[in-house]
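Student: Sharing final.cif below, mmCIF, C-alpha atoms:
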```
data_model
loop_
_atom_site.label_atom_id
_atom_site.label_comp_id
_atom_site.auth_asym_id
_atom_site.auth_seq_id
_atom_site.Cartn_x
_atom_site.Cartn_y
_atom_site.Cartn_z
CA MET A 1 113.40 22.58 143.94
CA ILE A 2 116.33 25.01 143.86
CA ALA A 3 117.58 23.45 140.66
CA THR A 4 114.13 23.82 139.11
CA ASP A 5 114.01 27.49 140.00
CA LYS A 6 117.35 28.05 138.31
CA LEU A 7 115.92 26.76 135.06
CA ASN A 8 113.22 29.39 135.07
CA PRO A 9 114.32 32.34 132.91
CA GLN A 10 113.23 34.85 135.54
CA TYR A 11 115.82 33.37 137.91
CA GLY A 12 118.49 32.58 135.33
CA ALA A 13 121.18 34.37 133.41
CA ALA A 14 119.13 37.53 132.95
CA LYS A 15 119.94 38.49 136.55
CA LYS A 16 123.67 37.99 136.16
CA SER A 17 126.55 39.63 134.42
CA ASP A 18 126.97 38.76 130.75
CA SER A 19 130.43 37.33 131.34
CA VAL A 20 132.20 35.16 133.92
CA SER A 21 135.95 35.07 134.34
CA ILE A 22 137.46 31.59 133.95
CA SER A 23 139.76 32.50 136.83
CA ASP A 24 136.68 32.44 139.07
CA PRO A 25 136.16 28.66 139.50
CA GLU A 26 133.00 28.98 141.59
CA ALA A 27 131.23 31.21 139.08
CA THR A 28 132.44 29.07 136.17
CA PHE A 29 131.15 25.91 137.82
CA GLN A 30 127.78 27.56 138.43
CA VAL A 31 127.45 28.44 134.73
CA ILE A 32 128.33 24.88 133.71
CA GLU A 33 125.93 23.41 136.27
CA GLU A 34 123.05 25.59 135.09
CA ALA A 35 123.81 24.75 131.45
CA VAL A 36 123.70 21.01 132.18
CA LEU A 37 120.47 21.36 134.15
CA GLY A 38 119.05 23.36 131.26
CA LEU A 39 119.90 20.55 128.86
CA TRP A 40 118.19 18.04 131.13
CA HIS A 41 115.13 20.27 131.15
CA VAL A 42 115.09 20.25 127.33
CA VAL A 43 115.45 16.47 127.25
CA ASN A 44 112.63 16.08 129.78
CA ASN A 45 110.38 18.19 127.58
CA LEU A 46 111.27 16.17 124.49
CA THR A 47 110.49 12.88 126.21
CA THR A 48 106.90 13.97 126.80
CA ILE A 49 106.36 13.53 123.05
CA GLN A 50 104.95 10.06 122.48
CA PRO A 51 106.38 8.07 119.54
CA PRO A 52 104.02 7.43 116.62
CA LYS A 53 102.05 4.21 116.43
CA ARG A 54 104.17 1.37 115.13
CA ASN A 55 103.22 -1.19 112.53
CA ARG A 56 104.67 -4.00 114.63
CA TYR A 57 104.62 -4.96 118.28
CA ARG A 58 108.09 -4.68 119.81
CA VAL A 59 109.38 -6.98 122.53
CA THR A 60 112.58 -6.23 124.43
CA ILE A 61 114.45 -9.23 125.82
CA PHE A 62 116.92 -8.57 128.65
CA GLY A 63 119.43 -11.26 129.62
CA SER A 64 122.99 -12.29 130.34
CA ALA A 65 125.84 -11.41 127.99
CA ARG A 66 127.85 -14.40 129.25
CA MET A 67 125.81 -17.37 127.98
CA GLN A 68 127.40 -19.44 125.21
CA PRO A 69 125.51 -20.67 122.11
CA GLU A 70 125.76 -24.31 123.21
CA SER A 71 123.92 -23.65 126.49
CA THR A 72 120.33 -24.77 127.00
CA LEU A 73 119.32 -21.25 128.00
CA TYR A 74 120.77 -19.76 124.80
CA GLN A 75 118.80 -22.24 122.70
CA GLY A 76 115.63 -21.47 124.66
CA VAL A 77 115.91 -17.71 124.19
CA ARG A 78 116.56 -18.20 120.48
CA ARG A 79 113.38 -20.29 120.16
CA LEU A 80 111.43 -17.72 122.16
CA ALA A 81 112.50 -14.89 119.86
CA SER A 82 111.70 -16.98 116.79
CA GLU A 83 108.17 -17.67 118.08
CA LEU A 84 107.59 -13.98 118.73
CA THR A 85 108.97 -13.06 115.32
CA VAL A 86 106.60 -15.50 113.59
CA MET A 87 103.82 -13.81 115.56
CA GLY A 88 104.85 -10.54 113.88
CA CYS A 89 106.95 -8.92 116.61
CA ASP A 90 110.16 -6.94 116.32
CA ILE A 91 112.82 -8.12 118.78
CA VAL A 92 114.87 -5.58 120.76
CA THR A 93 117.97 -6.42 122.81
CA GLY A 94 121.10 -4.75 124.12
CA GLY A 95 122.79 -5.82 120.89
CA GLY A 96 125.65 -7.66 122.57
CA PRO A 97 126.68 -11.30 123.00
CA GLY A 98 125.13 -14.08 125.07
CA LEU A 99 121.36 -14.13 125.45
CA MET A 100 121.09 -10.83 123.58
CA GLN A 101 122.64 -12.52 120.57
CA ALA A 102 120.37 -15.53 121.06
CA ALA A 103 117.29 -13.29 120.81
CA ASN A 104 118.55 -11.40 117.75
CA GLU A 105 119.55 -14.68 116.11
CA GLY A 106 116.13 -16.19 116.75
CA SER A 107 114.53 -13.14 115.17
CA VAL A 108 116.64 -13.30 112.01
CA ILE A 109 116.34 -17.05 111.36
CA ALA A 110 112.53 -16.90 111.75
CA ASP A 111 112.21 -14.01 109.30
CA PRO A 112 113.71 -14.99 105.92
CA ALA A 113 111.43 -12.49 104.14
CA ASP A 114 112.71 -9.66 106.38
CA LEU A 115 109.25 -8.60 107.52
CA THR A 116 110.29 -7.72 111.09
CA GLN A 117 113.31 -6.06 112.67
CA SER A 118 116.07 -7.39 114.90
CA ILE A 119 117.17 -4.33 116.90
CA GLY A 120 120.12 -3.68 119.21
CA ILE A 121 120.47 -0.76 121.62
CA ARG A 122 124.15 -0.64 122.53
CA VAL A 123 126.24 1.21 125.07
CA ASN A 124 129.95 1.90 124.60
CA LEU A 125 132.02 -0.37 126.85
CA ASP A 126 135.77 -0.86 126.60
CA PHE A 127 135.46 -4.62 127.07
CA GLU A 128 132.43 -5.21 124.86
CA GLN A 129 132.59 -3.30 121.59
CA GLU A 130 131.15 -5.60 118.95
CA VAL A 131 127.51 -5.63 117.97
CA ASN A 132 126.35 -9.21 117.55
CA PRO A 133 126.02 -10.28 113.88
CA PHE A 134 122.24 -10.75 114.03
CA VAL A 135 121.37 -7.11 114.72
CA GLU A 136 119.74 -5.50 111.69
CA GLN A 137 119.27 -2.03 113.18
CA VAL A 138 121.62 -0.70 115.82
CA TYR A 139 121.48 2.35 118.09
CA GLU A 140 124.61 3.46 119.96
CA HIS A 141 124.59 5.21 123.34
CA ARG A 142 127.38 6.67 125.46
CA THR A 143 125.54 6.34 128.77
CA PHE A 144 123.42 3.68 130.40
CA PHE A 145 120.86 6.33 131.32
CA SER A 146 119.96 7.34 127.78
CA ARG A 147 120.13 3.70 126.66
CA LEU A 148 117.66 2.54 129.31
CA HIS A 149 115.28 5.33 128.37
CA HIS A 150 115.54 4.29 124.72
CA PHE A 151 114.39 0.78 125.62
CA VAL A 152 111.31 2.30 127.23
CA LEU A 153 110.49 4.47 124.23
CA LEU A 154 110.93 1.62 121.78
CA SER A 155 109.14 -1.28 123.49
CA ASP A 156 105.61 -2.61 123.94
CA ALA A 157 106.61 -5.47 126.26
CA PHE A 158 109.62 -6.67 128.24
CA ILE A 159 110.86 -10.19 128.84
CA VAL A 160 113.60 -10.78 131.40
CA VAL A 161 115.57 -14.01 131.24
CA PRO A 162 118.38 -15.00 133.63
CA GLY A 163 121.22 -12.50 133.82
CA GLY A 164 123.58 -10.59 136.04
CA ILE A 165 123.72 -7.12 137.55
CA GLY A 166 123.00 -5.33 134.25
CA THR A 167 119.93 -7.48 133.63
CA ALA A 168 118.73 -6.86 137.19
CA LEU A 169 119.16 -3.10 136.69
CA GLU A 170 117.07 -3.22 133.52
CA ALA A 171 114.37 -5.36 135.12
CA LEU A 172 114.09 -3.19 138.22
CA MET A 173 113.93 0.01 136.16
CA ILE A 174 110.95 -1.28 134.17
CA TRP A 175 109.34 -2.57 137.37
CA GLN A 176 109.72 0.83 139.02
CA LEU A 177 108.35 2.75 136.01
CA LEU A 178 105.28 0.51 136.05
CA GLN A 179 104.94 0.99 139.81
CA VAL A 180 104.85 4.79 139.54
CA ARG A 181 102.69 4.63 136.39
CA LYS A 182 105.19 6.15 134.02
CA LEU A 183 104.54 3.03 131.95
CA HIS A 184 101.04 1.72 131.37
CA ASP A 185 99.70 -1.63 130.14
CA THR A 186 103.20 -2.86 129.38
CA PRO A 187 103.88 -6.50 130.24
CA LEU A 188 106.96 -7.26 132.32
CA ILE A 189 107.51 -11.02 132.13
CA MET A 190 110.31 -12.64 134.12
CA ILE A 191 111.36 -16.18 133.24
CA GLY A 192 113.05 -18.50 135.70
CA LYS A 193 113.54 -19.28 139.37
CA MET A 194 115.92 -16.39 140.02
CA TRP A 195 113.13 -13.89 139.42
CA PHE A 196 110.65 -15.77 141.62
CA ASP A 197 113.33 -15.56 144.31
CA LEU A 198 113.76 -11.82 143.71
CA VAL A 199 110.04 -11.20 144.21
CA ALA A 200 110.09 -13.42 147.32
CA TRP A 201 113.00 -11.34 148.66
CA ALA A 202 111.03 -8.15 148.03
CA GLN A 203 108.03 -9.68 149.81
CA GLU A 204 110.11 -10.52 152.88
CA TYR A 205 112.14 -7.33 153.17
CA MET A 206 109.83 -4.69 151.70
CA VAL A 207 106.28 -5.86 152.43
CA ASN A 208 106.43 -8.22 155.44
CA VAL A 209 107.94 -5.49 157.62
CA GLU A 210 106.73 -2.54 159.68
CA PRO A 211 106.54 0.04 158.33
CA ARG A 212 106.09 -1.35 154.84
CA MET A 213 108.48 -0.10 152.19
CA ALA A 214 106.35 -1.30 149.25
CA HIS A 215 102.69 -2.00 148.66
CA PRO A 216 101.69 -5.66 148.18
CA ALA A 217 100.24 -4.71 144.78
CA ASP A 218 103.71 -3.63 143.63
CA LEU A 219 104.84 -7.25 143.77
CA MET A 220 102.09 -8.25 141.35
CA ILE A 221 103.55 -6.07 138.58
CA PRO A 222 106.09 -8.55 137.19
CA HIS A 223 104.62 -11.75 135.76
CA CYS A 224 107.01 -14.48 136.91
CA VAL A 225 106.80 -17.67 134.85
CA ASN A 226 108.71 -20.94 134.84
CA ASP A 227 109.39 -21.37 131.15
CA PHE A 228 109.34 -19.83 127.69
CA GLU A 229 105.99 -21.39 126.76
CA GLU A 230 104.22 -19.55 129.59
CA ALA A 231 105.86 -16.32 128.48
CA ILE A 232 104.66 -16.78 124.91
CA VAL A 233 101.06 -17.29 126.08
CA LEU A 234 101.18 -14.01 128.04
CA LEU A 235 102.73 -12.17 125.09
CA GLN A 236 100.08 -13.49 122.72
CA GLU A 237 97.36 -12.07 124.97
CA SER A 238 99.08 -8.68 125.11
CA TYR A 239 99.74 -8.71 121.37
CA GLU A 240 96.05 -9.33 120.63
CA VAL A 241 95.03 -6.42 122.87
CA TRP A 242 97.58 -4.21 121.07
CA GLN A 243 96.18 -5.22 117.70
CA ARG A 244 92.59 -4.44 118.72
CA ARG A 245 93.65 -0.99 119.93
CA ARG A 246 95.36 -0.25 116.63
CA GLU A 247 92.28 -1.27 114.70
#
```
Please rewrite the model in this file as structure tokens.
Tutor:
Amino acid sequence: MIATDKLNPQYGAAKKSDSVSISDPEATFQVIEEAVLGLWHVVNNLTTIQPPKRNRYRVTIFGSARMQPESTLYQGVRRLASELTVMGCDIVTGGGPGLMQAANEGSVIADPADLTQSIGIRVNLDFEQEVNPFVEQVYEHRTFFSRLHHFVLLSDAFIVVPGGIGTALEALMIWQLLQVRKLHDTPLIMIGKMWFDLVAWAQEYMVNVEPRMAHPADLMIPHCVNDFEEAIVLLQESYEVWQRRRE
């Protein structure tokens, strides 16, 4: 609340001297802090603007960067992305290797007429610089925070396939935004046993305790499925609803 008050012009720089000596570290830090908070306030205002209606449904696929092309999971994600592309969807990933590349590759090979887009939303990492060769449109971010928000702005649905800590972060962020209703009517589909186990863990340690730390309905937000075929059926239903709304 204090930080919010500082952003209000009546409490801001108008009450202070026009200049601060750089030899005064406390005053200098306060100016920098208020400037950064002011920038966040501007960004928060800008994010209230909803993006225009898109011509195509966009599906983000989150998954491991470590899977190799010869793996069964890589082949499955590639087929999944191809099926969604044939349906008319753009495919969005983190733009890197592994299952991100599988999804972008599946999008490109299913779209020889270039009717849809294969999109990558990257973050600068010292150990992972290259965009995978199947990304047709790339966005670069310096921070994970802005990158994660970009996924939200760009996507109509999210599919989570097996992955590590980064994939879990992405999945939990979308789950939380749906929980607090910052996202609406946006499918979150999790494929594979690891995600069933995550929901079971949340049930045991967040719901089956006193006092509860989550509502039972919160655990119904992600749609956990066993395979890619089940995920495609759910996406088709959501895609048809999206089409009817556009019409």
Student: Using the chain letters and numbering of this document, enumerate as a list in words the residues selected by the PyMOL selection byres ((chain A and resi 183) around 12).
Tutor: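 Output of the PyMOL selection byres ((chain A and resi 183) around 12): Gln50, His149, Phe151, Val152, Leu153, Ser155, Asp156, Ala157, Phe158, Met173, Ile174, Trp175, Gln176, Leu177, Leu178, Gln179, Val180, Arg181, Lys182, His184, Asp185, Thr186, Pro187, Leu188 and Ile221 of chain A.
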Student: For each of A:Leu84, A:Ala202, A:Ile22, A:Leu99, take the minimum atom-to-atom distance to A:Thr167, counting all atoms listed in the file, then give the residue where this is smallest.
Tutor: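 Going through A:Leu84, A:Ala202, A:Ile22, A:Leu99 one by one, the smallest distance to A:Thr167 is for A:Leu99.
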Student: Out of A:Leu115, A:Leu80, A:Val31, A:Leu169, which residue has the shortest atom-to-atom distance to A:Arg56 when counting only C-alpha atoms?
Tutor: A:Leu115
Student: For each of A:Gly88, A:Asp18, A:Gly120, A:Glu247, take the minimum atom-to-atom distance to A:Tyr57, counting all atoms listed in the file, then give the residue where this is smallest.
Tutor: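 Closest to A:Tyr57, using all atoms listed in the file: A:Gly88.
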Student: I'd like the interatomic distance between atom CA of A:Met206 and atom CA of A:Met194, to a tenth of an Å.
Tutor: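 One can read the atom CA of A:Met206 to atom CA of A:Met194 distance as 17.6 Å.
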Student: Can you list, as a list in words, every protein, DNA or RNA residue that comes within 9 Å of A:Tyr239 when you count all atoms listed in the file, leaving out same-chain residues fewer than 3 positions away?
Tutor: Tyr57, Met87, Cys89, Asp156, Leu234, Leu235, Gln236, Trp242, Gln243 and Arg244 of chain A
Student: Any idea what's packed within 8 Å of A:Gly106, counting all atoms listed in the file, ignoring anything in its chain fewer than 6 positions away? Could you give it as a list of chain:residue names?
Tutor: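 With the cut-off at 8 Å, the set is A:Val77, A:Arg78, A:Arg79, A:Leu80, A:Ala81, A:Ser82, A:Thr85.
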Student: Please enclose the listed atoms of stretch 222-230 of chain A in an axis-aligned box, pad each side by 5 Å, and write out the centre and the three edge lengths in Å, rounded to one decimal, as JSON.
Tutor:
```
{"center_x": 106.8, "center_y": -15.0, "center_z": 132.0, "size_x": 15.2, "size_y": 22.8, "size_z": 20.4}
```
Student: For each of A:Ile159, A:Gly96, A:Glu130, A:Ala65, take the minimum atom-to-atom distance to A:Ile232, counting only C-alpha atoms, then give the residue where this is smallest.
Tutor: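 Ranked by minimum distance to A:Ile232, first place goes to A:Ile159.
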Student: Would you kindly return, as a PDB file with C-alpha atoms, in the coordinates of the input, each protein, DNA or RNA residue with an atom no farther than 9 Å from any atom of A:Val199, considering all atoms listed in the file and excluding same-chain residues fewer than 3 positions away?
Tutor:
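The file below, selection.pdb, is the result:
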```
ATOM      1  CA  MET A 194     115.920 -16.390 140.020  1.00  0.00           C
ATOM      2  CA  TRP A 195     113.130 -13.890 139.420  1.00  0.00           C
ATOM      3  CA  PHE A 196     110.650 -15.770 141.620  1.00  0.00           C
ATOM      4  CA  ALA A 202     111.030  -8.150 148.030  1.00  0.00           C
ATOM      5  CA  GLN A 203     108.030  -9.680 149.810  1.00  0.00           C
ATOM      6  CA  GLU A 204     110.110 -10.520 152.880  1.00  0.00           C
ATOM      7  CA  LEU A 219     104.840  -7.250 143.770  1.00  0.00           C
ATOM      8  CA  MET A 220     102.090  -8.250 141.350  1.00  0.00           C
ATOM      9  CA  PRO A 222     106.090  -8.550 137.190  1.00  0.00           C
ATOM     10  CA  CYS A 224     107.010 -14.480 136.910  1.00  0.00           C
TER      11      CYS A 224
END
```
Student: Given the PyMOL selection byres ((chain A and resi 67) around 10) and the file above, list the residues it selects as JSON, numbers by chain.
Tutor: {"A": [63, 64, 65, 66, 68, 69, 70, 71, 72, 73, 74, 97, 98, 99, 100, 101, 102, 162, 163]}
Student: May I ask for the distance between atom CA of A:Asp218 and atom CA of A:His41, given in Å to one decimal place?
Tutor: 29.3 Å
Student: In terms of the shortest atom-to-atom distance over only C-alpha atoms, which of A:Val131, A:Ile165, A:Ser146, A:Asn55 is closest to A:Gln117?
Tutor: A:Asn55
Student: Given the choices A:Val20, A:Leu198, A:Ile189, A:Ile119, which gets closest to A:Tyr139 if the distance is worked out from only C-alpha atoms?
Tutor: A:Ile119
Student: Give me, please, the distance in Å between atom CA of A:Leu148 and atom CA of A:Asp111, quoted to one decimal.
Tutor: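 A separation of 26.5 Å between them.
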Student: Need to verify the contact set: A:Asn124, 9 Å, only C-alpha atoms, exclusion of same-chain residues closer than 2 positions in sequence. Can you return it as a ChimeraX atom specification?
Tutor: /A:122,126-129,140-144
Student: Evaluated on this file, the PyMOL selection byres ((chain A and resi 226) around 6) picks out some residues - which ones are they, written as a PyMOL selection string?
Tutor: chain A and resi 191-192+225+227
